[in-house]
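Following: one structure in structure tokens, then a few remarks.
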Protein chains: 2
Amino acid sequence: MTREDSKPLDRNSRVEGSDEPNAHSGSGPFARVTSHDVARLAGVSQSAVSRAFSPGASVSPKTLEKVMQVADSLGYRPNVLARSLITGRSRIIGMVVAYLGNSFYSMALERISHVLQAKGYHVLVFMASNAAEELDRVVNALLDYQVDGIIAASVSMSNSLSDRCSAAGIPLVLFNRHQGKRGPTAITSDNYDGAKRIARFMAYSGCRRIAHIAGWSESSTGFDREAGFRDGLVEAGLELHDRIDGRWNRNIAAAAARSIFSAPAGRPDGVFVGNDHMAFAVMDVIRYELGLRVPEDVSVVGFDDAPQAGWKAYDLTTYRQPIDEMVDLTVNILLARIENSHSETTQFAIPGHLVVRRSAKIPGSGNHD
Amino acid sequence: MTREDSKPLDRNSRVEGSDEPNAHSGSGPFARVTSHDVARLAGVSQSAVSRAFSPGASVSPKTLEKVMQVADSLGYRPNVLARSLITGRSRIIGMVVAYLGNSFYSMALERISHVLQAKGYHVLVFMASNAAEELDRVVNALLDYQVDGIIAASVSMSNSLSDRCSAAGIPLVLFNRHQGKRGPTAITSDNYDGAKRIARFMAYSGCRRIAHIAGWSESSTGFDREAGFRDGLVEAGLELHDRIDGRWNRNIAAAAARSIFSAPAGRPDGVFVGNDHMAFAVMDVIRYELGLRVPEDVSVVGFDDAPQAGWKAYDLTTYRQPIDEMVDLTVNILLARIENSHSETTQFAIPGHLVVRRSAKIPGSGNHD
DNA sequence: GCGCGACAAGAAAACGATATCAAGACTCTT
DNA sequence: AAGAGTCTTGATATCGTTTTCTTGTCGCGC
């Protein structure tokens with residue numbers, strides 16, 4: 001199975017003469033170099049070495065230089081795990097996430113990781129479905145690793161779980177989910193208001209039979225969007241033509257679309273889908289299975305502004321969740337709570353904005369009834 | 001900015017009477033419960049507690065039960081960091097990845113994380129561009145955290161960097177990149193052969209002016225695919241009509257498409273794009289900017305079989321990288337190297353297969369010249 | 001009843017760092 | 001030149017485990 005012939009090795013052709021950096025030293029597998037080793041060679045105490053690596057500690061320039069020089073030559077770097085044992089901070093943030101198939105979450109993870117990295121923290125990833133039992137295991141693992149803080153994205157932690165975190169003194173921030181006013185600190189976009197705006201937008205553009213393929217009403221995000229959307233429709237004098245829960249799942253959403261469009265009540269002229277990820281599937285069904293035109297026959301609107309929404313094949317009108325702001329706020333709050341350990345919890349809903357593209361009829365362009 | 005009115009709180013309405021689990025105990029922020037605490041309450045030595053939690057250690061059923069009971073009631077769990085200090089294993093795998101915008105990598109991360117989690121390991125994420133200086137910082141951080149192993153996805157580690165890892169005794173596996181026979185262990189799909197098959201496929205389907213929007217020829221993956229593709233064309237008696245490096249970037253690829261299709265040499269009737277991620281951008285340009293039909297006017301073929309390739313709006317013919325096998329092999333090899341610390345390096349190229357969809361003309365369907 | 005092996009359990013030494021503290025080496029001031 | 005203050009420094013305790021070593025206990029065969 002190993003390929004030998006695939007590639008002319010003109011790059012990376014390693015020079016000879018590297019004298020086996022892998023060679024074991026004695027019996028132990030690999031001699032780790034510790035602060036003691038550095039101390040000995042530099043002729044100072046081990047404490048001095050430690051101080052040399054602690055910014056702001058009291059070391060004379062002379063010993064600092066001596067230590068650094070020896071450290072460099074030996075390749076010494078302080079062991080973060082040993083440090084965290086005594087400082088009580090691991091500089092590890094646990095991030096629990098249900099799945100990365102929805103690009104919104106992979107973007108979020110990417111940015112969260114970047115931002116934290118810039119502040120000297122790193123992200124330990126925990127995949128977890130929303131099954132209670134699995135979440136329980138994950139929270140255990142999270143605590144085992146002594147993470148300094150937890151970001152839970154797209155998972156609904158039961159209150160007993162979030163209580164365990166706060167009992168352990170570990171700040172927890174919910175990303176793109178909330179658990180109500182008494183729940184943990186949570187950052188979302190303004191799902192309610194965003195969906196309400198979408199309702200108004202669709203109504204004013206002339207849609208009259210508007211269906212909703214909902215997110216997942218067990219999740220706050222799905223619930224809020226649906227509530228906002230319903231209220232927006234009512235405000236515009238309309239009511240929901242049809243509604244199926246898509247459970248954030250492409251396949252379920254596609255099936256929902258098929259069902260809604262073949263219902264005896266007549267087909268809708270507009271669909272609001274709970275997130276972009278599902279909306280793409282719905283658009284594909286509408287166009288390529290049902291043979292309808294978007295937006296001429298049906299307006300489709302999503303939520304998130306996932307990267308693909310801007311791709312011309314979809315060109316999806318959607319509500320942009322301000323992901324960068326959401327991430328920055330999440331990280332800032334989390335770090336503030338870690339560093340001050342004050343623990344009031346607050347819920348934030350950051351406003352986003354409607355991104356008008358061409359998957360939905362546009363108000364005022366003369367296509368009202 | 002905090003919203004108070006967005007959502008009717010009918011769920012999660014927390015009951016009264018929870019007696020402040022957050023309350024501090026004394027002066028210190030939060031009393032961590034240690035094995036000593038458990039030992040004291042269970043009336044055994046601290047060693048006994050440790051043994052109770054070490055599978056296969058010598059403990060009598062009686063003390064085991066006693067310890068476990070106290071541990072449960074106190075919510076004690078061993079501190080992984082302290083353990084790793086003495087065992088020398090952190091059960092942390094560092095994964096360095098350039099970006100998650102390409103779904104192929106977010107899928108890989110998701111699966112890698114899942115598989116490792118099932119084996120009691122966890123993934124610490126490091127984002128790194130391919131800039132040498134940044135990679136250097138990342139490798140430092142990696143070593144600082146005492147990771148047990150490293151998976152580098154989509155980044156080209158210089159040899160000096162991979163040498164540093166092996167000098168530190170940390171197994172490194174390259175995912176979807178390789179550095180040649182003398183380089184570190186690497187798992188890729190059979191990029192060379194896959195691209196060669198694509199060349200044959202396109203040639204036999206009647207394409208005569210075939211262009212290539214390459215991956216990035218500085219990366220092994222891009223290099224191998226281009227080499228295989230060229231060889232395949234030659235075999236079929238054709239040669240490359242045009243070629244631009246897309247650097248794995250959607251925008252650059254889109255620009256490349258515009259350029260190739262307006263070149264004086266005449267427009268191609270087929271384009272092989274170095275990965276799906278860029279191919280989607282290229283298809284959008286071809287269809288929505290140039291007004292050409294796919295596949296009637298131009299065949300488009302990608303590489304990866306990213307999730308979106310199966311979406312009807314693209315329906316992209318592509319070469320499926322067997323991501324699950326790649327991940328499983330990567331993890332198995334990495335863990336084997338961690339547990340046995342034998343360190344021969346090998347390169348694997350796992351065969352994938354062509355996934356024929358409708359973005360490219362199909363051989364034998366009567367549309368030859 | 002004695003000795004032997006097997007097993008259980010505690011004491012104490014790691015692991016690799018930081019934190020605390022007291023002593024030593026400076027710089028000033030007077 | 002002495003005393004007060006500041007800056008550096010090393011010794012030592014500490015973090016929460018696992019590991020090693022030793023001692024103790026028990027059961028068993030002879």
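Residue numbers start at 1 in each chain; chains themselves are named A, B, ... in the order of the structure tokens; ligands are numbered from 1 in the order shown.
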Please identify every residue of chain B that has at least one atom no more than 7 Å from any atom of chain C, counting only C-alpha atoms (C1' of nucleotides), and report them as a short mmCIF file (atom, residue, chain, number, x, y, z; two decimals) with all heavy atoms, in the first residue's frame.
data_model
loop_
_atom_site.label_atom_id
_atom_site.label_comp_id
_atom_site.auth_asym_id
_atom_site.auth_seq_id
_atom_site.Cartn_x
_atom_site.Cartn_y
_atom_site.Cartn_z
N SER B 45 -5.14 5.14 52.92
CA SER B 45 -4.04 6.00 52.53
C SER B 45 -4.32 6.60 51.15
O SER B 45 -5.13 6.08 50.38
CB SER B 45 -2.75 5.20 52.45
OG SER B 45 -2.74 4.43 51.28
N ALA B 48 -3.91 4.25 48.33
CA ALA B 48 -5.02 3.34 48.09
C ALA B 48 -6.01 3.97 47.12
O ALA B 48 -6.53 3.31 46.21
CB ALA B 48 -5.70 3.00 49.40
N SER B 58 -3.52 -3.42 42.59
CA SER B 58 -3.84 -4.39 43.63
C SER B 58 -4.59 -3.75 44.79
O SER B 58 -4.00 -3.15 45.68
CB SER B 58 -2.51 -5.00 44.11
OG SER B 58 -2.63 -5.56 45.37
N VAL B 59 -5.89 -3.87 44.76
CA VAL B 59 -6.74 -3.32 45.82
C VAL B 59 -7.76 -4.38 46.23
O VAL B 59 -8.28 -5.10 45.38
CB VAL B 59 -7.56 -2.11 45.33
CG1 VAL B 59 -7.78 -1.13 46.44
CG2 VAL B 59 -6.95 -1.49 44.12
N SER B 60 -8.04 -4.43 47.48
CA SER B 60 -9.06 -5.38 47.92
C SER B 60 -10.44 -4.84 47.58
O SER B 60 -10.63 -3.62 47.55
CB SER B 60 -8.96 -5.60 49.42
OG SER B 60 -9.41 -4.44 50.11
N LEU B 85 2.03 14.23 34.61
CA LEU B 85 3.34 14.72 35.04
C LEU B 85 4.23 13.53 35.38
O LEU B 85 5.41 13.50 35.02
CB LEU B 85 3.17 15.62 36.26
CG LEU B 85 4.42 16.35 36.71
CD1 LEU B 85 4.98 17.15 35.55
CD2 LEU B 85 4.09 17.26 37.87
N ILE B 86 3.65 12.56 36.05
CA ILE B 86 4.50 11.44 36.46
C ILE B 86 4.53 10.30 35.44
O ILE B 86 5.54 9.66 35.24
CB ILE B 86 4.09 10.93 37.85
CG1 ILE B 86 5.12 9.91 38.36
CG2 ILE B 86 2.73 10.33 37.84
CD1 ILE B 86 5.30 9.97 39.83
#
Checklist entry - Using only C-alpha atoms (C1' of nucleotides), which chain B residues lie at most 8 Å away from chain D, written as a ChimeraX atom specification? => result /B:34-35,50,78-79,82-83,85-87
Taking N, CA and C atoms for each residue, export the selection above as a PDB file, in the first residue's frame.
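Done, and the output landed in again_5.pdb:
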ATOM      1  N   THR B  34      -9.200  16.412  46.230  1.00  0.00           N
ATOM      2  CA  THR B  34      -8.035  15.631  45.806  1.00  0.00           C
ATOM      3  C   THR B  34      -8.112  14.220  46.383  1.00  0.00           C
ATOM      4  N   SER B  35      -7.168  13.421  45.954  1.00  0.00           N
ATOM      5  CA  SER B  35      -7.147  12.049  46.451  1.00  0.00           C
ATOM      6  C   SER B  35      -6.920  12.018  47.955  1.00  0.00           C
ATOM      7  N   SER B  50      -5.366   6.190  44.860  1.00  0.00           N
ATOM      8  CA  SER B  50      -4.777   6.154  43.529  1.00  0.00           C
ATOM      9  C   SER B  50      -4.958   4.781  42.901  1.00  0.00           C
ATOM     10  N   PRO B  78      -9.641  11.866  39.297  1.00  0.00           N
ATOM     11  CA  PRO B  78      -8.195  12.114  39.268  1.00  0.00           C
ATOM     12  C   PRO B  78      -7.853  13.260  38.323  1.00  0.00           C
ATOM     13  N   ASN B  79      -6.869  14.015  38.699  1.00  0.00           N
ATOM     14  CA  ASN B  79      -6.395  15.145  37.910  1.00  0.00           C
ATOM     15  C   ASN B  79      -5.464  14.634  36.811  1.00  0.00           C
ATOM     16  N   ALA B  82      -1.882  16.168  36.679  1.00  0.00           N
ATOM     17  CA  ALA B  82      -0.949  15.663  37.681  1.00  0.00           C
ATOM     18  C   ALA B  82      -0.497  14.261  37.295  1.00  0.00           C
ATOM     19  N   ARG B  83      -1.451  13.482  36.827  1.00  0.00           N
ATOM     20  CA  ARG B  83      -1.089  12.123  36.418  1.00  0.00           C
ATOM     21  C   ARG B  83      -0.055  12.158  35.308  1.00  0.00           C
ATOM     22  N   LEU B  85       2.032  14.234  34.610  1.00  0.00           N
ATOM     23  CA  LEU B  85       3.336  14.720  35.042  1.00  0.00           C
ATOM     24  C   LEU B  85       4.235  13.531  35.380  1.00  0.00           C
ATOM     25  N   ILE B  86       3.654  12.562  36.045  1.00  0.00           N
ATOM     26  CA  ILE B  86       4.497  11.441  36.455  1.00  0.00           C
ATOM     27  C   ILE B  86       4.529  10.303  35.438  1.00  0.00           C
ATOM     28  N   THR B  87       3.402  10.091  34.763  1.00  0.00           N
ATOM     29  CA  THR B  87       3.400   8.997  33.784  1.00  0.00           C
ATOM     30  C   THR B  87       4.121   9.394  32.507  1.00  0.00           C
TER      31      THR B  87
END
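Nearest to chain A of all the residues B:Phe175, B:Tyr121, B:Tyr145, B:Phe53 is B:Tyr145, counting only C-alpha atoms.
What separates atom CA of A:Arg164 from atom CA of B:Arg89 is a distance of 26.7 Å.
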Next on the checklist: Which of stretch 160-363 of chain A end up as alpha helix (DSSP H) when DSSP is run on this backbone - answer as a ChimeraX atom specification?
Outcome noted: /A:160-167,191-204,220-235,250-261,276-284,323-340
Checklist entry - In stretch 240-303 of chain A, what's strand (DSSP E or B) per DSSP? Answer as a list in words? => result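 These are the residues in question: Asp242, Arg243, Ile244, Asp245, Gly270, Val271, Phe272, Val273, Ser299, Val300 and Val301 of chain A.
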Mind writing the picked residues with N, CA and C atoms as a CSV table (one decimal), in the first residue's frame?
chain,number,residue,atom,x,y,z
A,242,ASP,N,-47.5,26.6,6.8
A,242,ASP,CA,-47.1,25.3,7.2
A,242,ASP,C,-45.8,25.3,8.0
A,243,ARG,N,-45.5,24.2,8.7
A,243,ARG,CA,-44.3,24.2,9.5
A,243,ARG,C,-43.9,22.8,9.9
A,244,ILE,N,-42.6,22.5,9.7
A,244,ILE,CA,-42.1,21.2,10.0
A,244,ILE,C,-40.8,21.5,10.7
A,245,ASP,N,-40.5,20.7,11.7
A,245,ASP,CA,-39.2,20.8,12.4
A,245,ASP,C,-38.1,20.1,11.6
A,270,GLY,N,-43.2,31.0,-0.2
A,270,GLY,CA,-42.0,31.4,0.5
A,270,GLY,C,-41.7,30.5,1.6
A,271,VAL,N,-40.4,30.2,1.8
A,271,VAL,CA,-40.0,29.3,2.9
A,271,VAL,C,-38.9,30.0,3.7
A,272,PHE,N,-39.1,30.0,5.0
A,272,PHE,CA,-38.0,30.4,5.8
A,272,PHE,C,-37.4,29.2,6.5
A,273,VAL,N,-36.1,28.9,6.2
A,273,VAL,CA,-35.5,27.7,6.8
A,273,VAL,C,-34.6,28.1,8.0
A,299,SER,N,-39.8,32.0,-2.7
A,299,SER,CA,-38.7,32.7,-2.0
A,299,SER,C,-38.1,31.8,-1.0
A,300,VAL,N,-36.8,31.7,-0.9
A,300,VAL,CA,-36.2,30.9,0.2
A,300,VAL,C,-35.3,31.9,1.0
A,301,VAL,N,-35.4,31.8,2.3
A,301,VAL,CA,-34.5,32.6,3.2
A,301,VAL,C,-33.9,31.7,4.3
Checklist entry - Got a sec: who's within 8 Å of A:Leu233, counting only C-alpha atoms (C1' of nucleotides), leaving out chain neighbours fewer than 4 positions off, as a list of chain:residue names? => result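 Residues near the query, excluding close chain neighbours: A:Lys196, A:Ala199, A:Arg200, A:Ala203, A:Phe229, A:Gly237, A:Leu238, A:Glu239, A:Leu240.
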